[in-house]
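S.K.: Just model.cif, nothing more (mmCIF, C-alpha atoms and all ligand atoms):
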data_my_file
#
loop_
_atom_site.label_atom_id
_atom_site.label_comp_id
_atom_site.auth_asym_id
_atom_site.auth_seq_id
_atom_site.Cartn_x
_atom_site.Cartn_y
_atom_site.Cartn_z
CA MET A 290 8.41 6.89 -20.44
CA SER A 291 7.41 8.66 -17.25
CA PRO A 292 4.28 7.38 -15.59
CA SER A 293 1.49 9.91 -15.45
CA ILE A 294 -0.76 10.04 -12.44
CA THR A 295 -3.99 11.79 -11.64
CA SER A 296 -3.94 13.50 -8.27
CA ALA A 297 -6.85 13.87 -5.87
CA ASP A 298 -7.83 17.25 -7.31
CA GLY A 299 -8.01 15.74 -10.81
CA SER A 300 -4.87 17.33 -12.21
CA ASN A 301 -2.44 15.23 -14.17
CA LEU A 302 1.16 14.97 -13.09
CA GLU A 303 4.14 13.45 -14.88
CA VAL A 304 6.60 11.91 -12.45
CA GLU A 305 9.87 10.07 -13.06
CA CYS A 306 9.05 7.48 -10.43
CA LEU A 307 5.71 7.34 -8.65
CA SER A 308 7.26 5.80 -5.54
CA CYS A 309 9.80 8.63 -5.31
CA ALA A 310 6.99 11.16 -5.75
CA LEU A 311 5.00 9.53 -2.95
CA VAL A 312 7.77 9.04 -0.40
CA SER A 313 9.12 12.56 -0.96
CA GLY A 314 5.67 14.08 -0.48
CA VAL A 315 5.45 15.53 -4.04
CA VAL A 316 2.29 13.44 -4.45
CA PRO A 317 0.52 13.12 -1.09
CA PRO A 318 -1.27 9.77 -0.76
CA THR A 319 -5.04 10.11 -0.35
CA GLY A 320 -5.94 9.33 3.25
CA GLY A 321 -2.50 10.40 4.39
CA VAL A 322 0.67 8.63 5.37
CA ILE A 323 0.04 5.57 7.53
CA PHE A 324 3.56 5.44 8.87
CA GLU A 325 7.05 6.62 8.09
CA SER A 326 10.21 4.93 9.36
CA ALA A 327 13.82 5.88 8.66
CA HIS A 328 13.88 3.99 5.35
CA PHE A 329 10.26 3.19 4.48
CA HIS A 330 7.00 4.95 3.79
CA VAL A 331 3.65 3.26 4.42
CA HIS A 332 0.45 4.34 2.67
CA GLN A 333 -2.69 3.01 1.06
CA ASP A 334 -3.27 3.21 -2.67
CA VAL A 335 -6.87 4.41 -2.57
CA ALA A 336 -7.15 3.77 -6.29
CA TYR A 337 -7.84 0.27 -4.96
CA PRO A 338 -10.41 0.91 -2.21
CA ILE A 339 -9.87 -2.16 -0.05
CA ARG A 340 -9.99 -1.57 3.70
CA GLY A 341 -6.62 -2.26 5.31
CA LEU A 342 -4.65 -2.52 2.05
CA VAL A 343 -1.14 -1.31 2.75
CA ILE A 344 1.83 -0.43 0.56
CA VAL A 345 5.30 -0.32 2.07
CA ALA A 346 7.61 1.71 -0.20
CA ALA A 347 11.33 2.22 0.24
CA LYS A 348 12.40 5.84 0.55
CA ARG A 349 15.51 5.11 -1.47
CA HIS A 350 15.20 4.55 -5.23
CA PHE A 351 16.05 0.93 -6.11
CA TYR A 352 14.19 -2.04 -7.54
CA CYS A 353 15.43 -5.40 -6.31
CA LEU A 354 15.15 -7.10 -2.95
CA ASP A 355 18.86 -7.93 -2.88
CA GLU A 356 19.59 -4.19 -2.98
CA LEU A 357 18.22 -3.72 0.54
CA THR A 358 21.00 -2.76 2.94
CA ALA A 359 21.46 -4.73 6.17
CA VAL A 360 19.71 -1.98 8.13
CA GLU A 361 16.83 -1.84 5.63
CA GLN A 362 16.38 -5.62 5.73
CA THR A 363 15.88 -5.60 9.49
CA GLU A 364 13.70 -2.51 9.43
CA PHE A 365 11.55 -3.91 6.61
CA ILE A 366 10.61 -7.23 8.21
CA SER A 367 10.00 -5.62 11.57
CA LEU A 368 7.77 -2.98 9.96
CA VAL A 369 5.77 -5.50 7.91
CA HIS A 370 5.37 -7.66 11.01
CA LYS A 371 4.02 -4.72 13.01
CA LEU A 372 1.65 -3.64 10.22
CA ARG A 373 0.34 -7.18 9.90
CA HIS A 374 -0.30 -7.29 13.64
CA GLU A 375 -2.21 -4.00 13.52
CA GLN A 376 -4.26 -5.23 10.55
CA ARG A 377 -5.28 -8.18 12.70
CA ILE A 378 -6.06 -6.50 16.01
CA ARG A 379 -7.56 -3.24 14.73
CA LEU A 380 -9.28 -4.35 11.53
CA GLY A 381 -9.89 -8.06 12.18
CA ILE A 382 -7.97 -9.09 9.07
CA GLU A 383 -7.34 -12.83 9.20
CA LYS A 384 -5.37 -13.43 6.00
CA VAL A 385 -3.18 -11.22 3.82
CA TYR A 386 -1.78 -11.69 0.32
CA TYR A 387 1.63 -10.13 -0.24
CA PHE A 388 3.12 -9.19 -3.57
CA TYR A 389 5.89 -7.20 -5.11
CA ASN A 390 7.58 -7.31 -8.50
CA GLU A 391 11.00 -5.98 -9.44
CA ASP A 392 10.31 -5.15 -13.09
CA THR A 393 8.07 -2.18 -12.52
CA THR A 394 8.18 1.51 -13.47
CA HIS A 395 8.22 2.63 -9.88
CA HIS A 396 10.68 1.54 -7.26
CA PHE A 397 10.63 -0.98 -4.41
CA HIS A 398 7.14 -1.20 -2.96
CA PHE A 399 5.53 -4.13 -1.23
CA TRP A 400 1.77 -4.75 -1.23
CA MET A 401 -0.16 -6.18 1.70
CA VAL A 402 -3.65 -7.02 0.44
CA PRO A 403 -6.18 -8.21 3.02
CA ARG A 404 -8.30 -11.15 2.00
CA TYR A 405 -12.08 -10.77 2.26
CA ALA A 406 -14.88 -13.25 1.55
CA TRP A 407 -16.10 -11.35 -1.57
CA MET A 408 -12.71 -12.03 -3.22
CA ASP A 409 -13.33 -15.77 -3.39
CA GLN A 410 -15.33 -15.30 -6.61
CA PHE A 411 -11.97 -14.66 -8.31
CA GLY A 412 -10.30 -17.79 -6.93
CA ARG A 413 -7.83 -18.14 -4.12
CA SER A 414 -4.40 -18.22 -5.69
CA VAL A 415 -2.00 -15.56 -6.90
CA GLU A 416 -3.84 -15.01 -10.20
CA SER A 417 -6.89 -13.80 -8.27
CA LEU A 418 -5.04 -10.67 -7.15
CA ARG A 419 -5.33 -8.66 -10.36
CA PRO A 420 -9.09 -9.28 -10.81
CA VAL A 421 -9.62 -8.49 -7.12
CA LEU A 422 -7.82 -5.14 -7.44
CA LEU A 423 -9.62 -4.25 -10.66
CA TYR A 424 -12.97 -5.22 -9.20
CA ALA A 425 -12.35 -2.97 -6.20
CA ARG A 426 -11.26 -0.08 -8.43
CA ASN A 427 -14.21 -0.37 -10.78
CA ASN A 428 -17.02 -1.38 -8.42
CA MET A 429 -16.20 -0.27 -4.91
CA ASN A 430 -15.56 3.43 -5.34
CA ASP A 431 -18.80 4.46 -3.67
CA GLU A 432 -19.00 6.91 -0.80
CA LYS A 433 -19.80 4.26 1.82
CA ASN A 434 -16.85 2.04 0.98
CA ARG A 435 -14.47 4.98 0.66
CA LYS A 436 -15.42 5.96 4.20
CA THR A 437 -14.66 2.44 5.41
CA VAL A 438 -11.27 2.57 3.69
CA LEU A 439 -10.42 5.93 5.29
CA GLU A 440 -11.45 4.55 8.70
CA GLY A 441 -9.10 1.64 8.08
CA ILE A 442 -6.25 4.06 7.36
CA SER A 443 -7.00 5.96 10.61
CA ALA A 444 -7.05 2.73 12.61
CA LEU A 445 -3.66 1.70 11.23
CA GLN A 446 -2.24 5.20 11.79
CA ALA A 447 -3.34 4.98 15.43
CA GLY A 448 -1.85 1.51 15.77
CA MET A 449 1.50 2.57 14.34
CA LYS A 450 1.79 5.65 16.53
CA ALA A 451 3.73 3.98 19.33
CA TYR A 452 5.98 2.06 16.94
CA LYS A 453 9.50 3.29 16.35
ZN ZN B 501 11.93 5.95 -7.14
#
Kindly present the structure from the file in C-alpha cells form.

M.R.:
Amino acid sequence: MSPSITSADGSNLEVECLSCALVSGVVPPTGGVIFESAHFHVHQDVAYPIRGLVIVAAKRHFYCLDELTAVEQTEFISLVHKLRHEQRIRLGIEKVYYFYNEDTTHHFHFWMVPRYAWMDQFGRSVESLRPVLLYARNNMNDEKNRKTVLEGISALQAGMKAYK
C-alpha cells in the first residue's frame, strides 16, 4: 500500500515512497532543504517540531545499510559528522539520539534527534523516542515553537553552506 501524506497546503498525496518523493522534490519539505550532497538529502520532518531534528535520506531507493556503496558510506559518515558539529556550535545541542530502521515503507533515512531536558519525562533510553516524537507532534505545534524550529533549520542551512 502506498503511504499517503498531507502536504503543507493540506492536500493529500499518494506516493510510492515518501523518501523518493522528498529527495526528488515532488514533496518539498516544510522549512526547505537543509543540505543536499551527491547521494544524500538533508531535511527536517516538521511533523515533529523539535528544533535541530535532522533527517538524512539517501537519494537512491534502497533500504538496508549494507546496500550503501563505498562512496556513499564515506559520504554518509562525513555528512552526519558535519551535521552533528553544526547542531552543537549553532544550536547548542549537547546530545543526539540516532535511529533508523530497515523495515519501513520509505527508503533509507537516518534520524538525528536532539535531546532536550523536557524529554526526560519519557525516560532516557531508546523506548523514549516514540513518546518524545508523539509528544512534540501533539503538543508543540504552536506558532512560537514552529518559529524556533524554522530558525533551527536556517541555522543549519547556514552552517552547511560551506560544506562540500
Ligand atoms: Zn524511495

S.K.: Enumerate residues in contact with ligand ZN 501 (chain B): an atom-to-atom distance of at most 9 Å, counting all atoms listed in the file. Format the result as a list in words.

M.R.: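 Residues lying within 9 Å of ligand ZN 501 (chain B): Glu305, Cys306, Leu307, Ser308, Cys309, Ala310, Leu311, Val312, Ala347, Lys348, Arg349, His350, Phe351, Tyr352, Thr394, His395, His396 and Phe397 of chain A.
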
S.K.: What is the atom CA of A:Ser443 to atom CA of A:Trp400 distance in Å?

M.R.: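 Value for the atom CA of A:Ser443-atom CA of A:Trp400 distance: 18.2 Å.
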
S.K.: Give me the residues within 7 Å of A:Gln446 as a PyMOL selection string, counting only C-alpha atoms and dropping any in the same chain fewer than 4 places off.

M.R.: chain A and resi 323-324+442+450

S.K.: One number please: atom CA of A:Gln376 to atom CA of A:Glu364, in Å, one decimal.

M.R.: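 It comes out at 18.2 Å.
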
S.K.: Between A:Gly441, A:Pro317, A:Pro420, A:Gly412, which has the minimum distance to A:Gly381 (counting all atoms listed in the file)?

M.R.: A:Gly441

S.K.: Go ahead and compute the interatomic distance for atom CA of A:Asp392 and atom CA of A:Leu357, in Å to one decimal.

M.R.: 15.8 Å

S.K.: For each of A:Val385, A:Ala406, A:Met449, A:Val304, take the minimum atom-to-atom distance to A:Ser326, counting all atoms listed in the file, then give the residue where this is smallest.

M.R.: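 Of A:Val385, A:Ala406, A:Met449, A:Val304, the one nearest A:Ser326 is A:Met449, counting all atoms listed in the file.
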
S.K.: From the options A:Met429, A:Val343, A:Ala444, A:Val335, which residue's atoms come nearest to A:Thr319, counting all atoms listed in the file?

M.R.: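 Among the listed residues, A:Val335 lies closest to A:Thr319.
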
S.K.: So that I can see what lies close to A:Glu375, please list as a list in words the residues with an atom at most 8 Å from it, counting all atoms listed in the file and leaving out residues fewer than 5 positions away in the same chain.

M.R.: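 Using all atoms listed in the file, the neighbours found are Leu380, Leu445, Gly448 and Met449 of chain A.
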
S.K.: A:Glu325, A:Val415, A:Leu368, A:Pro338: which is nearest A:Glu432, counting only C-alpha atoms?

M.R.: A:Pro338

S.K.: Please determine, counting only C-alpha atoms, which residue among A:Ile339, A:Val322, A:Gln410, A:Val345 has the shortest atom-to-atom distance to A:Arg435.

M.R.: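 The answer is A:Ile339, which sits nearest to A:Arg435.
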
S.K.: Of the residues A:Lys433, A:Arg373, A:Arg419, A:Arg426, which is the one nearest to A:Asp334, using all atoms listed in the file?

M.R.: A:Arg426

S.K.: Could you list, as a list of chain:residue names, every residue within 8 Å of A:Phe411, counting only C-alpha atoms and ignoring same-chain residues fewer than 2 positions away?

M.R.: A:Met408, A:Asp409, A:Arg413, A:Ser417, A:Pro420, A:Val421

S.K.: Would you compute the box with edges along x, y and z of the file around stretch 346-350 of chain A, including every atom the file lists for it and 5 Å extra on each side, and give its centre and edge lengths in Å to one decimal, as lines of an AutoDock Vina configuration file?

M.R.:
center_x = 11.6
center_y = 3.8
center_z = -2.3
size_x = 17.9
size_y = 14.1
size_z = 15.8
